[in-house]
file upload_3.txt (compact mmCIF, C-alpha atoms)
# COMPACT_ATOMS: atom_id res chain seq x y z
CA MET H 9 -117.10 117.06 65.96
CA ALA H 10 -115.00 115.50 63.18
CA ARG H 11 -112.01 117.60 64.26
CA LEU H 12 -112.42 116.45 67.89
CA ILE H 13 -112.52 112.77 66.82
CA HIS H 14 -109.47 113.26 64.61
CA ARG H 15 -107.58 114.91 67.52
CA ARG H 16 -108.48 112.05 69.87
CA TRP H 17 -107.27 109.45 67.36
CA HIS H 18 -104.06 111.44 66.97
CA LEU H 19 -103.54 111.29 70.76
CA VAL H 20 -104.27 107.54 70.76
CA THR H 21 -101.64 107.04 68.03
CA ILE H 22 -99.06 108.98 70.06
CA MET H 23 -99.85 106.98 73.21
CA LEU H 24 -99.52 103.66 71.36
CA GLY H 25 -96.18 104.80 70.02
CA LEU H 26 -95.01 105.63 73.54
CA LEU H 27 -96.26 102.31 74.94
CA ILE H 28 -94.41 100.14 72.41
CA GLY H 29 -91.37 102.39 72.41
CA TYR H 30 -91.17 102.82 68.66
CA SER H 31 -90.81 105.80 66.36
CA PRO H 32 -89.44 105.96 62.77
CA VAL H 33 -86.48 108.11 63.86
CA ALA H 34 -85.60 105.96 66.89
CA GLY H 35 -85.99 102.84 64.77
CA ALA H 36 -83.67 104.17 62.09
CA ASP H 37 -81.04 105.07 64.69
CA ALA H 38 -81.19 101.62 66.30
CA VAL H 39 -80.86 99.83 62.96
CA GLN H 40 -77.86 101.96 61.97
CA GLN H 41 -76.26 101.40 65.37
CA ALA H 42 -76.74 97.63 65.03
CA GLU H 43 -75.29 97.63 61.52
CA ARG H 44 -72.24 99.56 62.77
CA TRP H 45 -71.85 97.07 65.62
CA PHE H 46 -71.64 94.16 63.17
CA ALA H 47 -69.29 96.15 60.91
CA ASN H 48 -66.89 96.62 63.85
CA VAL H 49 -66.85 92.93 64.81
CA THR H 50 -63.94 91.00 63.30
CA THR H 51 -64.14 87.89 65.48
CA MET H 52 -66.30 86.82 68.38
CA ARG H 53 -66.30 83.83 70.72
CA ALA H 54 -69.17 83.11 73.09
CA ASP H 55 -70.99 80.47 75.07
CA PHE H 56 -74.69 80.14 74.35
CA THR H 57 -77.93 78.70 75.66
CA GLN H 58 -80.57 77.68 73.13
CA ILE H 59 -84.25 77.22 73.97
CA ALA H 60 -86.87 76.05 71.49
CA SER H 61 -90.60 76.73 71.63
CA ASP H 62 -91.21 73.06 72.47
CA GLY H 63 -89.26 73.55 75.71
CA SER H 64 -86.11 71.71 74.65
CA ALA H 65 -82.81 73.34 75.61
CA ALA H 66 -79.16 73.01 74.62
CA GLU H 67 -75.85 74.70 75.38
CA GLY H 68 -72.66 75.10 73.43
CA LYS H 69 -69.99 77.39 72.03
CA MET H 70 -69.92 79.73 69.08
CA VAL H 71 -67.08 81.26 67.11
CA MET H 72 -67.63 83.87 64.40
CA ARG H 73 -65.22 85.50 61.98
CA ARG H 74 -66.92 88.08 59.89
CA PRO H 75 -67.85 88.04 57.15
CA SER H 76 -69.45 84.69 56.36
CA ARG H 77 -67.74 82.31 58.82
CA LEU H 78 -69.55 80.89 61.84
CA LYS H 79 -69.28 77.65 63.79
CA ILE H 80 -71.81 76.57 66.41
CA THR H 81 -70.87 73.54 68.51
CA TYR H 82 -73.51 71.92 70.70
CA ASN H 83 -72.57 70.24 73.97
CA SER H 84 -75.04 67.48 73.40
CA GLU H 85 -75.53 63.82 72.66
CA PRO H 86 -75.54 63.14 69.79
CA ALA H 87 -72.92 65.72 68.81
CA LEU H 88 -73.88 68.45 66.35
CA ASN H 89 -71.93 71.25 64.63
CA LEU H 90 -73.17 74.01 62.34
CA ILE H 91 -70.48 75.48 60.06
CA THR H 92 -70.97 78.24 57.50
CA THR H 93 -69.11 79.35 54.38
CA PRO H 94 -69.98 82.27 52.08
CA VAL H 95 -72.33 79.91 50.22
CA TRP H 96 -73.29 77.01 52.51
CA LEU H 97 -74.57 76.09 55.93
CA HIS H 98 -73.10 72.67 56.74
CA VAL H 99 -74.75 70.50 59.39
CA ASP H 100 -72.13 68.10 60.76
CA GLN H 101 -73.39 65.02 62.63
CA PRO H 102 -70.21 63.26 63.84
CA ASP H 103 -72.00 60.25 65.36
CA GLU H 104 -73.60 59.49 62.00
CA ARG H 105 -70.46 60.51 60.07
CA ARG H 106 -72.58 62.74 57.89
CA VAL H 107 -72.53 66.33 56.67
CA THR H 108 -75.67 67.86 55.14
CA SER H 109 -75.40 71.20 53.32
CA TYR H 110 -77.96 73.95 52.70
CA PRO H 111 -77.63 77.27 50.82
CA ILE H 112 -76.79 79.93 53.44
CA SER H 113 -79.11 82.32 51.59
CA GLU H 114 -82.07 80.18 52.71
CA THR H 115 -81.27 80.72 56.41
CA PRO H 116 -81.56 83.81 58.67
CA LEU H 117 -77.82 83.52 59.42
CA SER H 118 -77.13 85.03 56.01
CA LEU H 119 -78.41 88.39 57.29
CA ILE H 120 -75.77 88.73 60.04
CA LEU H 121 -72.88 87.15 58.12
CA ALA H 122 -73.18 89.38 55.05
CA ASP H 123 -70.66 92.10 54.23
CA PRO H 124 -71.88 94.67 54.89
CA VAL H 125 -74.75 93.69 57.20
CA SER H 126 -78.05 95.23 56.15
CA LEU H 127 -80.89 94.96 58.64
CA ARG H 128 -83.32 96.43 56.11
CA PRO H 129 -82.83 93.92 53.29
CA ALA H 130 -84.96 94.18 50.15
CA GLY H 131 -88.16 92.17 50.43
CA TYR H 132 -88.16 92.14 54.25
CA GLU H 133 -90.01 94.21 56.86
CA THR H 134 -87.91 95.56 59.72
CA ILE H 135 -89.52 96.60 63.03
CA VAL H 136 -87.67 98.13 66.00
CA THR H 137 -89.02 97.84 69.54
CA GLU H 138 -87.44 99.23 72.70
CA ARG H 139 -88.22 97.15 75.78
CA ALA H 140 -87.82 97.65 79.50
CA GLY H 141 -84.41 96.97 80.98
CA GLY H 142 -82.43 98.65 78.22
CA ILE H 143 -83.13 96.07 75.51
CA THR H 144 -83.66 96.96 71.84
CA GLN H 145 -85.24 94.39 69.51
CA ILE H 146 -84.84 94.49 65.73
CA ALA H 147 -87.21 92.08 63.99
CA ILE H 148 -86.62 91.26 60.31
CA HIS H 149 -89.59 89.50 58.74
CA LYS H 150 -90.54 87.93 55.41
CA ASP H 151 -93.81 86.09 54.80
CA SER H 152 -92.86 83.83 51.90
CA GLY H 153 -90.18 82.85 49.43
CA GLU H 154 -86.45 82.35 50.01
CA GLY H 155 -85.47 83.22 53.58
CA ALA H 156 -89.08 83.39 54.79
CA GLY H 157 -89.57 83.67 58.55
CA ARG H 158 -88.60 86.10 61.27
CA LEU H 159 -85.20 86.89 62.76
CA THR H 160 -85.26 89.02 65.92
CA LEU H 161 -81.98 90.47 67.19
CA GLU H 162 -81.78 91.73 70.78
CA PHE H 163 -79.18 94.30 71.79
CA THR H 164 -78.29 95.61 75.23
CA ASP H 165 -78.03 99.40 75.46
CA SER H 166 -75.02 99.71 77.77
CA PRO H 167 -72.84 98.56 76.18
CA PHE H 168 -74.66 98.29 72.87
CA GLN H 169 -74.04 94.70 71.77
CA LEU H 170 -75.87 91.63 70.58
CA ARG H 171 -77.13 89.43 73.43
CA ARG H 172 -79.74 87.16 71.84
CA TRP H 173 -81.37 86.20 68.60
CA ILE H 174 -84.70 84.50 68.02
CA VAL H 175 -85.50 82.62 64.81
CA GLU H 176 -89.12 81.86 63.92
CA ASP H 177 -89.82 79.73 60.87
CA VAL H 178 -92.91 79.87 58.66
CA ALA H 179 -94.54 77.17 60.82
CA GLY H 180 -94.27 79.43 63.90
CA ILE H 181 -91.56 77.38 65.64
CA GLN H 182 -89.22 79.64 67.62
CA THR H 183 -85.62 79.05 68.63
CA SER H 184 -83.91 81.48 71.01
CA VAL H 185 -80.12 81.70 71.36
CA THR H 186 -78.73 83.76 74.27
CA LEU H 187 -75.02 84.62 74.27
CA GLN H 188 -72.77 84.67 77.34
CA ASN H 189 -69.06 85.27 78.02
CA MET H 190 -68.56 87.13 74.75
CA ALA H 191 -64.97 87.89 73.70
CA PHE H 192 -64.02 89.98 70.67
CA GLY H 193 -60.96 90.34 68.45
CA LEU H 194 -59.30 87.04 69.37
CA PRO H 195 -57.48 85.04 66.67
CA VAL H 196 -59.64 82.59 64.74
CA GLU H 197 -57.85 80.26 62.32
CA ASN H 198 -59.28 78.70 59.15
CA ALA H 199 -58.90 75.26 60.72
CA GLU H 200 -61.71 76.01 63.15
CA PHE H 201 -64.16 75.95 60.23
CA SER H 202 -62.81 72.85 58.49
CA LEU H 203 -65.21 70.03 57.64
CA PRO H 204 -64.50 66.39 58.44
CA ASN H 205 -63.87 64.02 55.56
CA TYR H 206 -65.91 61.00 56.63
CA ILE H 207 -65.34 59.15 53.34
CA ASP H 208 -61.60 58.77 53.99
CA ASN H 209 -61.89 57.97 57.69
call {"tool": "encode", "arguments": {"input": "upload_3.txt", "output": "structure tokens"}}
result
Amino acid sequence: MARLIHRRWHLVTIMLGLLIGYSPVAGADAVQQAERWFANVTTMRADFTQIASDGSAAEGKMVMRRPSRLKITYNSEPALNLITTPVWLHVDQPDERRVTSYPISETPLSLILADPVSLRPAGYETIVTERAGGITQIAIHKDSGEGAGRLTLEFTDSPFQLRRWIVEDVAGIQTSVTLQNMAFGLPVENAEFSLPNYIDN
């Protein structure tokens, strides 16, 4: 009887694995493939649409030069720019002539701007889920401490490339950023990441 129950639970475990599309081997392959994708990206330009869990939406443009440099420009009123360096995330608010800076290590962006990118960082849990429509999700989660929250990266399978990321903070607030019109390998100059000097202006 005990053997029969054990066998049934074994079958249930296999079925659950098939339903959520996850296995340790498949997960490892997807993580390695995603890490190689980031390693092969030198520069990227894209349009994006951002949707927050409160229903608010925004659009804008993004330029990335790996490692460590990213600029996100929102097409919004008031204007807003996010600019990264190897150490800082700068929040530029032109209408208020103000720049506020935060350690990049305290944000999920540090995970995809590192060199090399590691999607199994120490202290985090990484879960891979394959979804219908050829989408692979890699969720990187930490409950507390520096960098706490969840970053979910979504990749298309054909071609394998990043299409969306979802950030969830410790309060459960989600922000989804979907990329469109992606272009790779184009020149990106240092000037694109320069910060305004509001004191002198």
call {"tool": "residues_near_point", "arguments": {"input": "upload_3.txt", "point": "(-68.3, 77.8, 63.7)", "cutoff": "8 Å", "atoms": "only C-alpha atoms", "output": "JSON, numbers by chain"}}
result
{"H": [70, 71, 72, 77, 78, 79, 80, 81, 89, 90, 91, 92, 200, 201]}
call {"tool": "atom_distance", "arguments": {"input": "upload_3.txt", "atom1": "CA of Arg158 (chain H)", "atom2": "CA of Gly68 (chain H)"}}
result
22.9 Å
call {"tool": "residues_around", "arguments": {"input": "upload_3.txt", "residues": "Arg172 (chain H)", "least_positions_apart": "3", "cutoff": "10 Å", "atoms": "only C-alpha atoms", "output": "list in words"}}
result
Phe56, Thr57, Gln58, Gln145, Thr160, Leu161, Glu162, Phe163, Thr164, Gln169, Ser184, Val185, Thr186, Leu187 and Gln188 of chain H
call {"tool": "closest_residue", "arguments": {"input": "upload_3.txt", "among": "H:Glu104, H:Asp165, H:Lys69, H:Val125", "to": "Arg139 (chain H)", "atoms": "all atoms listed in the file"}}
result
H:Asp165
call {"tool": "closest_residue", "arguments": {"input": "upload_3.txt", "among": "H:Ile207, H:Gly157, H:Ser202, H:Ala65", "to": "His98 (chain H)", "atoms": "all atoms listed in the file"}}
result
H:Ser202
call {"tool": "atom_distance", "arguments": {"input": "upload_3.txt", "atom1": "CA of Thr51 (chain H)", "atom2": "CA of Arg171 (chain H)"}}
result
15.3 Å
call {"tool": "closest_residue", "arguments": {"input": "upload_3.txt", "among": "H:Ala122, H:Ala66, H:Val49, H:Leu159", "to": "Val136 (chain H)", "atoms": "only C-alpha atoms"}}
result
H:Leu159
call {"tool": "atom_distance", "arguments": {"input": "upload_3.txt", "atom1": "CA of Pro204 (chain H)", "atom2": "CA of Val99 (chain H)"}}
result
11.1 Å
call {"tool": "closest_residue", "arguments": {"input": "upload_3.txt", "among": "H:Ala191, H:Ala87, H:Val196, H:Ala179", "to": "Ser61 (chain H)", "atoms": "only C-alpha atoms"}}
result
H:Ala179
call {"tool": "closest_residue", "arguments": {"input": "upload_3.txt", "among": "H:Asn198, H:Gln182, H:Asn189, H:Ser126", "to": "Trp45 (chain H)", "atoms": "only C-alpha atoms"}}
result
H:Ser126
call {"tool": "residues_around", "arguments": {"input": "upload_3.txt", "residues": "Lys150 (chain H)", "least_positions_apart": "5", "cutoff": "8 Å", "atoms": "all atoms listed in the file", "output": "list in words"}}
result
Gly131, Tyr132, Glu133, Gly155, Ala156, Gly157 and Arg158 of chain H
call {"tool": "closest_residue", "arguments": {"input": "upload_3.txt", "among": "H:His149, H:Ser113, H:Pro75, H:Ile174", "to": "Ala47 (chain H)", "atoms": "all atoms listed in the file"}}
result
H:Pro75
call {"tool": "build_atoms", "arguments": {"input": "upload_3.txt", "residues": "region 165-197 of chain H", "atoms": "N, CA and C atoms", "output": "CSV table (one decimal), in the frame of the given file"}}
result
chain,number,residue,atom,x,y,z
H,165,ASP,N,-78.3,98.0,75.7
H,165,ASP,CA,-78.0,99.4,75.5
H,165,ASP,C,-76.7,99.9,76.0
H,166,SER,N,-76.2,99.2,77.1
H,166,SER,CA,-75.0,99.7,77.8
H,166,SER,C,-74.2,98.5,78.3
H,167,PRO,N,-73.2,98.1,77.5
H,167,PRO,CA,-72.8,98.6,76.2
H,167,PRO,C,-73.8,98.0,75.1
H,168,PHE,N,-73.8,98.7,74.0
H,168,PHE,CA,-74.7,98.3,72.9
H,168,PHE,C,-74.0,97.1,72.2
H,169,GLN,N,-74.6,95.9,72.4
H,169,GLN,CA,-74.0,94.7,71.8
H,169,GLN,C,-75.1,93.6,71.7
H,170,LEU,N,-74.9,92.7,70.8
H,170,LEU,CA,-75.9,91.6,70.6
H,170,LEU,C,-75.9,90.7,71.8
H,171,ARG,N,-77.0,90.4,72.3
H,171,ARG,CA,-77.1,89.4,73.4
H,171,ARG,C,-78.0,88.2,73.1
H,172,ARG,N,-78.9,88.3,72.1
H,172,ARG,CA,-79.7,87.2,71.8
H,172,ARG,C,-80.3,87.3,70.4
H,173,TRP,N,-80.6,86.2,69.8
H,173,TRP,CA,-81.4,86.2,68.6
H,173,TRP,C,-82.4,85.1,68.7
H,174,ILE,N,-83.6,85.4,68.0
H,174,ILE,CA,-84.7,84.5,68.0
H,174,ILE,C,-85.1,84.2,66.6
H,175,VAL,N,-85.1,83.0,66.2
H,175,VAL,CA,-85.5,82.6,64.8
H,175,VAL,C,-86.9,82.0,64.9
H,176,GLU,N,-87.8,82.5,64.0
H,176,GLU,CA,-89.1,81.9,63.9
H,176,GLU,C,-89.4,81.5,62.5
H,177,ASP,N,-89.6,80.2,62.2
H,177,ASP,CA,-89.8,79.7,60.9
H,177,ASP,C,-91.3,80.0,60.4
H,178,VAL,N,-91.6,79.6,59.2
H,178,VAL,CA,-92.9,79.9,58.7
H,178,VAL,C,-94.0,79.0,59.4
H,179,ALA,N,-93.6,78.0,60.1
H,179,ALA,CA,-94.5,77.2,60.8
H,179,ALA,C,-94.8,77.7,62.2
H,180,GLY,N,-94.1,78.8,62.6
H,180,GLY,CA,-94.3,79.4,63.9
H,180,GLY,C,-93.4,78.8,65.0
H,181,ILE,N,-92.5,78.0,64.6
H,181,ILE,CA,-91.6,77.4,65.6
H,181,ILE,C,-90.4,78.3,65.9
H,182,GLN,N,-90.2,78.7,67.2
H,182,GLN,CA,-89.2,79.6,67.6
H,182,GLN,C,-88.0,79.0,68.3
H,183,THR,N,-86.8,79.5,68.0
H,183,THR,CA,-85.6,79.0,68.6
H,183,THR,C,-84.9,80.3,69.1
H,184,SER,N,-84.6,80.3,70.4
H,184,SER,CA,-83.9,81.5,71.0
H,184,SER,C,-82.5,81.1,71.4
H,185,VAL,N,-81.5,81.9,71.0
H,185,VAL,CA,-80.1,81.7,71.4
H,185,VAL,C,-79.6,82.9,72.1
H,186,THR,N,-79.2,82.7,73.4
H,186,THR,CA,-78.7,83.8,74.3
H,186,THR,C,-77.2,83.6,74.4
H,187,LEU,N,-76.5,84.7,74.2
H,187,LEU,CA,-75.0,84.6,74.3
H,187,LEU,C,-74.5,85.0,75.6
H,188,GLN,N,-73.4,84.3,76.1
H,188,GLN,CA,-72.8,84.7,77.3
H,188,GLN,C,-71.3,84.6,77.1
H,189,ASN,N,-70.5,85.3,78.0
H,189,ASN,CA,-69.1,85.3,78.0
H,189,ASN,C,-68.5,85.6,76.7
H,190,MET,N,-69.0,86.7,76.1
H,190,MET,CA,-68.6,87.1,74.8
H,190,MET,C,-67.2,87.7,74.8
H,191,ALA,N,-66.3,87.4,73.8
H,191,ALA,CA,-65.0,87.9,73.7
H,191,ALA,C,-64.7,88.3,72.2
H,192,PHE,N,-64.2,89.4,72.0
H,192,PHE,CA,-64.0,90.0,70.7
H,192,PHE,C,-62.5,90.1,70.3
H,193,GLY,N,-62.3,90.0,69.0
H,193,GLY,CA,-61.0,90.3,68.4
H,193,GLY,C,-59.9,89.3,68.7
H,194,LEU,N,-60.3,88.1,69.1
H,194,LEU,CA,-59.3,87.0,69.4
H,194,LEU,C,-59.0,86.3,68.1
H,195,PRO,N,-57.8,85.7,67.9
H,195,PRO,CA,-57.5,85.0,66.7
H,195,PRO,C,-58.4,83.9,66.4
H,196,VAL,N,-58.8,83.7,65.2
H,196,VAL,CA,-59.6,82.6,64.7
H,196,VAL,C,-59.0,82.1,63.4
H,197,GLU,N,-58.5,80.8,63.5
H,197,GLU,CA,-57.8,80.3,62.3
H,197,GLU,C,-58.8,79.5,61.4
